[in-house]
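Enquirer: Could you have a look at this structure, given as structure tokens, before my questions?
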Amino acid sequence: MKFIIKIFRTIWGAWFLLWFLITVILFAPLHMILAPLFGEKVAKLLMFWTYRIGAWFIIVPTLLFIKNHGRDKIDKNKSYIVVGNHVSNLDFFVNPHTAPMYIRVLVKRELEKVPLFGSVMKAIAVSVERGNKESGKKGLKQLKEKLDAGYSVFLYPEGTRNRTDNPLLPLKSGAFRMAIETQTPLLVTTIANARQINDIRKTLFDMRPGRLHVYWDEPIETKGMTLDDVDELMKKTKEIMEGHIAKYPYPIPAL
């Protein structure tokens with residue numbers, strides 16, 4: 001039975017990645033052509049199309065169902081620094097798709113080098129080069145500009161996808177420092193059961209149909225905080241995420 005499940009999940013995972021690639025190819029020309037020509041207002045509309053509508057092109061054929069919890073706690077007219085857990089191939093489009101406000105994702109500069117996908121990233125994301133202080137300063141400046149323009153900015157504080165058996169990787173301080181330095185509320189979101197649907201600990205080609213549970217918690221106000229509060233903010237975020245993940249235990253080892 002375990003072998004049959006593994007074969008099914010491998011086939012479904014390959015189908016998901018293929019369909020994801022096809023969707024990127026379909027939507028990339030919109031961002032490559034229209035965003036540079038018509039500026040920020042059109043870029044916002046393109047992001048709405050990509051995140052809200054375009055994501056359904058991925059979700060429906062791959063039989064993903066999404067249950068949102070707690071979005072009513074969010075003022076969609078405010079800007080936030082948003083942080084989420086990163087444990088699957090699904091996170092990158094599920095997080096912006098479920099957000100009730102416009103989001104710019106902070107991504108690694110290397111992603112811009114990926115054909116087609118990189119062009120989309122340039123249009124909808126803020127990129128930084130890890131380990132490069134100058135790139136980090138430039139990224140922070142871009143981040144502030146996006147916040148002032150009414151966007152929220154999304155970061156994965158784990159830094160990379162979690163392929164361990166732990167609920168979370170150790171959180172890095174960058175996102176929390178940004179929230180405090182810009183005095184922007186911190187918003188925590190958690191995809192609580194992503195590993196049950198897409199377990200990438202052994203292979204990228206793993207997936208099954210199912211329902212994803214996405215939690216949005218009460219925004220954490222950072223006004224008046226200083227960098228001395230970073231550790232406490234990280235600790236609180238870790239407790240929130242791990243609390244939601246614990247609701248969906250996954251004792252099954254990686255197939």
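Identifiers in this document derive from the order of the structure tokens: chains are assigned A, B, ..., residues are numbered from 1 separately in each chain, and ligands are numbered from 1 in order of occurrence.
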Give me the residues near range 21-24 of chain A as an mmCIF file with C-alpha atoms, in the first residue's frame, where near means some atom within 7 Å (using only C-alpha atoms) and where sequence neighbours in that chain fewer than 3 positions away do not count.
Expert:
```cif
data_model
loop_
_atom_site.group_PDB
_atom_site.id
_atom_site.type_symbol
_atom_site.label_atom_id
_atom_site.label_comp_id
_atom_site.auth_asym_id
_atom_site.auth_seq_id
_atom_site.Cartn_x
_atom_site.Cartn_y
_atom_site.Cartn_z
ATOM 1 C CA LEU A 17 4.946 20.980 -11.407
ATOM 2 C CA LEU A 18 4.195 20.605 -15.120
ATOM 3 C CA PHE A 27 1.018 34.608 -17.479
ATOM 4 C CA ALA A 28 4.631 35.714 -17.889
ATOM 5 C CA PHE A 57 -5.473 27.973 -12.962
ATOM 6 C CA ILE A 58 -3.088 26.028 -10.712
ATOM 7 C CA PHE A 117 9.590 32.936 -13.961
#
```
Enquirer: I need the residues of range 54-242 of chain A that end up classed as strand (DSSP E or B) by DSSP on the backbone, written out as number ranges by chain.
Expert: A: 64-69, 81-84, 103-108, 125-128, 152-155, 186-191, 210-216, 220
Enquirer: Within 8 Å of Lys172 in chain A, counting only C-alpha atoms, which residues show up once you throw out same-chain ones fewer than 3 positions away? Write them as number ranges by chain, please.
Expert: A: 157-159, 175
Enquirer: Write out as a VMD selection string each polymer residue whose atoms come within 10 Å of Met207 in chain A, counting only C-alpha atoms; drop sequence neighbours fewer than 4 positions from it.
Expert: chain A and resid 6 8 to 17 62 88 to 90 194 to 200 203
Enquirer: Write the residues of the selection above to a file with C-alpha atoms, as a compact mmCIF listing (two decimals), in the first residue's frame.
Expert:
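Output file selection-v8.txt is given in full below:
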```txt
# COMPACT_ATOMS: atom_id res chain seq x y z
CA LYS A 6 4.21 6.78 -3.23
CA PHE A 8 0.37 8.16 -6.88
CA ARG A 9 1.95 11.08 -5.02
CA THR A 10 4.93 11.10 -7.39
CA ILE A 11 2.70 11.17 -10.48
CA TRP A 12 0.48 13.88 -8.98
CA GLY A 13 3.55 15.89 -7.96
CA ALA A 14 4.97 15.72 -11.49
CA TRP A 15 1.57 16.80 -12.87
CA PHE A 16 1.46 19.74 -10.46
CA LEU A 17 4.95 20.98 -11.41
CA THR A 62 -4.58 19.98 -9.29
CA SER A 88 6.34 23.16 0.37
CA ASN A 89 6.24 24.04 -3.32
CA LEU A 90 2.74 25.43 -2.78
CA ALA A 194 1.23 21.85 3.74
CA ARG A 195 3.46 18.83 4.39
CA GLN A 196 0.49 16.45 4.28
CA ILE A 197 -0.29 17.68 0.76
CA ASN A 198 3.23 18.30 -0.58
CA ASP A 199 6.04 16.58 1.34
CA ILE A 200 9.32 17.72 -0.25
CA THR A 203 11.70 14.70 -3.57
```
Enquirer: Excluding same-chain residues fewer than 5 positions from His69 in chain A, what lies within 7 Å of it counting only C-alpha atoms, as a PyMOL selection string?
Expert: chain A and resi 214-216
Enquirer: Using N, CA and C atoms, can you write the selected residues to a file as a short mmCIF file (atom, residue, chain, number, x, y, z; two decimals), in the first residue's frame?
Expert:
```cif
data_model
loop_
_atom_site.label_atom_id
_atom_site.label_comp_id
_atom_site.auth_asym_id
_atom_site.auth_seq_id
_atom_site.Cartn_x
_atom_site.Cartn_y
_atom_site.Cartn_z
N VAL A 214 -5.10 27.54 5.92
CA VAL A 214 -4.25 28.73 6.01
C VAL A 214 -4.79 29.63 7.13
N TYR A 215 -3.92 29.94 8.08
CA TYR A 215 -4.31 30.75 9.24
C TYR A 215 -3.70 32.14 9.16
N TRP A 216 -4.53 33.14 9.49
CA TRP A 216 -4.09 34.54 9.59
C TRP A 216 -4.36 35.00 11.01
#
```
Enquirer: Using only C-alpha atoms, can you tell me which of A:Tyr80, A:Phe93, A:Phe154, A:Tyr102 comes closest to Ile220 in chain A?
Expert: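 The closest residue to Ile220 in chain A is A:Tyr80.
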Enquirer: If we count only C-alpha atoms and set the cut-off at 12 Å, which residues sit around Trp56 in chain A, ignoring sequence neighbours fewer than 6 positions away in its own chain? Please answer as a list in words.
Expert: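 Everything that qualifies: Trp19, Phe20, Thr23, Phe48, Trp49, Thr50, Thr62, Leu63, Leu64, Phe65, Ile66, Phe93, Val94, His97 and Thr98 of chain A.
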Enquirer: Using N, CA and C atoms, can you write the selected residues to a file as a PDB file, in the first residue's frame?
Expert:
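Saved result, out13.pdb, follows:
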```
ATOM      1  N   TRP A  19       2.005  21.548 -14.647  1.00  0.00           N
ATOM      2  CA  TRP A  19       0.922  22.517 -14.829  1.00  0.00           C
ATOM      3  C   TRP A  19       1.318  23.892 -14.296  1.00  0.00           C
ATOM      4  N   PHE A  20       2.093  23.915 -13.205  1.00  0.00           N
ATOM      5  CA  PHE A  20       2.604  25.181 -12.678  1.00  0.00           C
ATOM      6  C   PHE A  20       3.472  25.873 -13.725  1.00  0.00           C
ATOM      7  N   THR A  23       1.340  27.333 -16.471  1.00  0.00           N
ATOM      8  CA  THR A  23       0.655  28.542 -16.003  1.00  0.00           C
ATOM      9  C   THR A  23       1.594  29.740 -16.015  1.00  0.00           C
ATOM     10  N   PHE A  48      -3.221  41.412  -9.038  1.00  0.00           N
ATOM     11  CA  PHE A  48      -4.551  40.922  -8.676  1.00  0.00           C
ATOM     12  C   PHE A  48      -4.922  39.755  -9.582  1.00  0.00           C
ATOM     13  N   TRP A  49      -4.681  39.915 -10.877  1.00  0.00           N
ATOM     14  CA  TRP A  49      -5.009  38.874 -11.849  1.00  0.00           C
ATOM     15  C   TRP A  49      -4.202  37.605 -11.572  1.00  0.00           C
ATOM     16  N   THR A  50      -2.934  37.777 -11.311  1.00  0.00           N
ATOM     17  CA  THR A  50      -2.063  36.623 -11.096  1.00  0.00           C
ATOM     18  C   THR A  50      -2.374  35.911  -9.792  1.00  0.00           C
ATOM     19  N   THR A  62      -5.340  20.853 -10.170  1.00  0.00           N
ATOM     20  CA  THR A  62      -4.577  19.976  -9.291  1.00  0.00           C
ATOM     21  C   THR A  62      -5.366  19.592  -8.038  1.00  0.00           C
ATOM     22  N   LEU A  63      -6.648  19.964  -8.021  1.00  0.00           N
ATOM     23  CA  LEU A  63      -7.576  19.562  -6.950  1.00  0.00           C
ATOM     24  C   LEU A  63      -7.101  19.984  -5.560  1.00  0.00           C
ATOM     25  N   LEU A  64      -6.639  21.227  -5.486  1.00  0.00           N
ATOM     26  CA  LEU A  64      -6.324  21.816  -4.191  1.00  0.00           C
ATOM     27  C   LEU A  64      -7.538  22.611  -3.702  1.00  0.00           C
ATOM     28  N   PHE A  65      -7.823  22.503  -2.440  1.00  0.00           N
ATOM     29  CA  PHE A  65      -8.910  23.253  -1.836  1.00  0.00           C
ATOM     30  C   PHE A  65      -8.326  24.023  -0.650  1.00  0.00           C
ATOM     31  N   ILE A  66      -8.702  25.288  -0.522  1.00  0.00           N
ATOM     32  CA  ILE A  66      -8.081  26.137   0.493  1.00  0.00           C
ATOM     33  C   ILE A  66      -9.130  26.646   1.475  1.00  0.00           C
ATOM     34  N   PHE A  93       2.640  30.546  -4.142  1.00  0.00           N
ATOM     35  CA  PHE A  93       1.436  31.139  -4.740  1.00  0.00           C
ATOM     36  C   PHE A  93       0.235  31.072  -3.804  1.00  0.00           C
ATOM     37  N   VAL A  94       0.225  30.138  -2.842  1.00  0.00           N
ATOM     38  CA  VAL A  94      -0.895  30.052  -1.901  1.00  0.00           C
ATOM     39  C   VAL A  94      -0.904  31.256  -0.962  1.00  0.00           C
ATOM     40  N   HIS A  97      -2.144  34.358  -2.777  1.00  0.00           N
ATOM     41  CA  HIS A  97      -3.508  34.100  -3.231  1.00  0.00           C
ATOM     42  C   HIS A  97      -4.519  34.255  -2.102  1.00  0.00           C
ATOM     43  N   THR A  98      -4.146  33.854  -0.901  1.00  0.00           N
ATOM     44  CA  THR A  98      -5.085  33.913   0.223  1.00  0.00           C
ATOM     45  C   THR A  98      -5.069  35.250   0.949  1.00  0.00           C
TER      46      THR A  98
END
```
Enquirer: Rounded to one decimal, what separation in Å do you get between CA of Met241 in chain A and CA of Leu169 in chain A?
Expert: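 It comes out at 11.3 Å.
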Enquirer: What is the distance between CA of Thr190 in chain A and CA of Gly54 in chain A, in Å to one decimal?
Expert: 21.6 Å
Enquirer: One decimal, Å: what's the distance from CA of Asn85 in chain A over to CA of His213 in chain A, could you say?
Expert: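 It comes out at 12.6 Å.
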